[in-house]
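Presented below is the structure to which this report refers.
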Amino acid sequence: MARLRVLIIGAGRRVQNNFLPVLHCLRDHFVVAGIHARTPSNLLPVARRWNLAAVPPLETVDWDSIDVVVLSVTVSQNVAVLRQLMPRAARLRLIIDTPVATSLAELAAAELLLPQFAHVLVTEDYMNFPQFSLAREAMADGLIGKATAATLLNIG
């Protein structure tokens, strides 16, 4: 089975600490075709560290070779990026970070755009929720014994 080709839009902490490590672990299923960020000073170090093609302008992307777009940008930029993706939305799977919007106007705009994608998955950074931080602290302090296994169900 051919690996799905992924374009990542955004180069922040979520991309570096969540998406890129997961996609690396799932490299039998996915190949990161490139990474885009508006700011070269943010983009280039991440592209170099992960040995990825840096894509400064989205207009240079060969969209016919992209199956999945991971969108992890400043929330106020979500709608603008979604609008840029609209000409090819019908064939793209979209993974978008939460929150999708922070105002009713952003939400209304996103609500019109998201259904135009082939598939949309909204992700959440559960590992940073307070209960998980407390569990990590309890394990680190030896309060609940040594962790010997972990199960992630639709999370991680």
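So you can find residues: chains in the structure tokens are A, B, ... in the order shown, residues in each start at 1, and ligands are numbered from 1 in order.
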*asked:* Quick one: residues within 10 Å of A:Pro115, only C-alpha atoms, excluding same-chain residues fewer than 5 positions away - as a PyMOL selection string?
replied: chain A and resi 89-90+110+120
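By chain and then residue number, the residues within 6 Å of A:Val122 are A:Ile95, A:Ile96, A:Asp97, counting only C-alpha atoms and disregarding those fewer than 5 positions away in sequence.
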Can those selected residues be exported to a file as a tab-separated table (two decimals), in the first residue's frame so that it contains N, CA, C and O atoms?
chain	number	residue	atom	x	y	z
A	95	ILE	N	-6.14	17.54	8.64
A	95	ILE	CA	-6.00	17.38	10.09
A	95	ILE	C	-5.76	18.78	10.61
A	95	ILE	O	-4.79	19.44	10.23
A	96	ILE	N	-6.66	19.26	11.46
A	96	ILE	CA	-6.56	20.63	11.96
A	96	ILE	C	-6.52	20.61	13.48
A	96	ILE	O	-7.22	19.85	14.13
A	97	ASP	N	-5.66	21.44	14.00
A	97	ASP	CA	-5.44	21.56	15.43
A	97	ASP	C	-6.58	22.34	16.09
A	97	ASP	O	-7.21	23.18	15.47
*Which one is closest to A:Pro87: A:Ile9, A:Ala147, A:Leu4, A:Leu113? Count only C-alpha atoms.*
A:Leu113
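The strand (DSSP E) portion of stretch 5-155 of chain A consists of Arg5, Val6, Leu7, Ile8, Ile9, Phe30, Val31, Val32, Ala33, Gly34, Ile35, His36, Val68, Val69, Val70, Leu71, Arg93, Leu94, Ile95, Ile96, Asp97, His119, Val120, Leu121, Val122 and Thr123 of chain A, with states taken from DSSP on the backbone.
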Written selection (C-alpha atoms) as a short mmCIF file (atom, residue, chain, number, x, y, z; two decimals), in the first residue's frame:
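New file out_7.cif:
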data_model
loop_
_atom_site.label_atom_id
_atom_site.label_comp_id
_atom_site.auth_asym_id
_atom_site.auth_seq_id
_atom_site.Cartn_x
_atom_site.Cartn_y
_atom_site.Cartn_z
CA ARG A 5 1.88 12.13 1.37
CA VAL A 6 1.53 14.80 4.04
CA LEU A 7 2.08 18.55 3.85
CA ILE A 8 2.44 20.24 7.22
CA ILE A 9 1.41 23.87 7.51
CA PHE A 30 2.94 8.41 5.81
CA VAL A 31 5.70 10.44 4.20
CA VAL A 32 6.05 14.12 5.02
CA ALA A 33 6.32 15.74 1.59
CA GLY A 34 7.13 19.15 3.03
CA ILE A 35 6.56 21.73 5.70
CA HIS A 36 5.35 25.31 5.28
CA VAL A 68 -3.15 14.99 3.72
CA VAL A 69 -2.66 18.51 5.05
CA VAL A 70 -1.84 19.01 8.71
CA LEU A 71 -2.83 22.54 9.73
CA ARG A 93 -7.80 15.02 3.96
CA LEU A 94 -7.33 17.74 6.57
CA ILE A 95 -6.00 17.38 10.09
CA ILE A 96 -6.56 20.63 11.96
CA ASP A 97 -5.44 21.56 15.43
CA HIS A 119 -12.20 14.32 5.31
CA VAL A 120 -11.55 16.49 8.38
CA LEU A 121 -10.02 15.36 11.64
CA VAL A 122 -9.78 17.83 14.53
CA THR A 123 -7.03 16.98 16.99
#
Find the residues near A:Pro99: any atom within 12 Å, counting only C-alpha atoms, skip ones fewer than 3 places away on the same chain, and give them as an mmCIF file with C-alpha atoms, in the first residue's frame.
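So around.cif came out as:
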data_model
loop_
_atom_site.group_PDB
_atom_site.id
_atom_site.type_symbol
_atom_site.label_atom_id
_atom_site.label_comp_id
_atom_site.auth_asym_id
_atom_site.auth_seq_id
_atom_site.Cartn_x
_atom_site.Cartn_y
_atom_site.Cartn_z
ATOM 1 C CA LEU A 71 -2.834 22.539 9.728
ATOM 2 C CA SER A 72 -1.278 23.743 12.969
ATOM 3 C CA VAL A 73 -1.015 27.519 12.854
ATOM 4 C CA THR A 74 -2.055 30.446 15.001
ATOM 5 C CA VAL A 75 -5.820 30.090 15.372
ATOM 6 C CA SER A 76 -6.473 33.507 13.839
ATOM 7 C CA GLN A 77 -4.807 32.220 10.627
ATOM 8 C CA ASN A 78 -6.885 29.033 10.247
ATOM 9 C CA VAL A 79 -9.570 30.556 8.030
ATOM 10 C CA ILE A 96 -6.561 20.627 11.962
ATOM 11 C CA THR A 102 -11.710 31.665 18.850
ATOM 12 C CA SER A 103 -14.549 33.931 17.770
ATOM 13 C CA GLU A 106 -13.972 32.675 12.706
ATOM 14 C CA LEU A 107 -16.218 29.750 13.576
ATOM 15 C CA ALA A 110 -14.590 27.751 9.194
ATOM 16 C CA VAL A 122 -9.775 17.834 14.529
ATOM 17 C CA THR A 123 -7.025 16.984 16.992
ATOM 18 C CA GLU A 124 -6.612 17.894 20.631
ATOM 19 C CA ASP A 125 -3.497 18.097 22.749
#
*Which is closer to A:Pro45 than all the others in A:Gln16, A:Ser133, A:Gln116, A:Gln84, using only C-alpha atoms?*
A:Gln16
*Any idea what the distance is between atom CA of A:Val100 and atom CA of A:Leu82?*
10.7 Å
Who sits within 9 Å of A:Val55, only C-alpha atoms, same chain under 2 positions skipped, as a CSV table (one decimal) with N, CA and C atoms, in the first residue's frame:
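Written out: result.csv:
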chain,number,residue,atom,x,y,z
A,34,GLY,N,6.6,17.8,2.8
A,34,GLY,CA,7.1,19.2,3.0
A,34,GLY,C,6.5,19.8,4.2
A,35,ILE,N,7.1,20.9,4.6
A,35,ILE,CA,6.6,21.7,5.7
A,35,ILE,C,6.6,23.2,5.3
A,36,HIS,N,5.5,23.9,5.6
A,36,HIS,CA,5.3,25.3,5.3
A,36,HIS,C,5.1,26.1,6.5
A,37,ALA,N,5.7,27.3,6.6
A,37,ALA,CA,5.4,28.3,7.6
A,37,ALA,C,5.6,29.6,7.0
A,43,LEU,N,10.4,28.3,10.0
A,43,LEU,CA,10.3,27.1,9.1
A,43,LEU,C,11.7,26.4,8.9
A,53,ALA,N,11.6,18.9,3.2
A,53,ALA,CA,11.5,20.0,2.2
A,53,ALA,C,10.8,21.2,2.8
A,57,PRO,N,6.5,29.4,-0.1
A,57,PRO,CA,5.2,29.8,-0.6
A,57,PRO,C,4.3,28.5,-0.9
A,58,LEU,N,3.1,28.5,-0.5
A,58,LEU,CA,2.2,27.4,-0.8
A,58,LEU,C,1.9,27.2,-2.3
A,59,GLU,N,2.1,28.3,-3.0
A,59,GLU,CA,1.9,28.2,-4.4
A,59,GLU,C,2.9,27.3,-5.1
A,60,THR,N,4.0,26.9,-4.5
A,60,THR,CA,5.0,26.1,-5.1
A,60,THR,C,4.7,24.6,-4.9
A,61,VAL,N,3.6,24.3,-4.1
A,61,VAL,CA,3.3,22.9,-3.8
A,61,VAL,C,2.7,22.2,-5.0
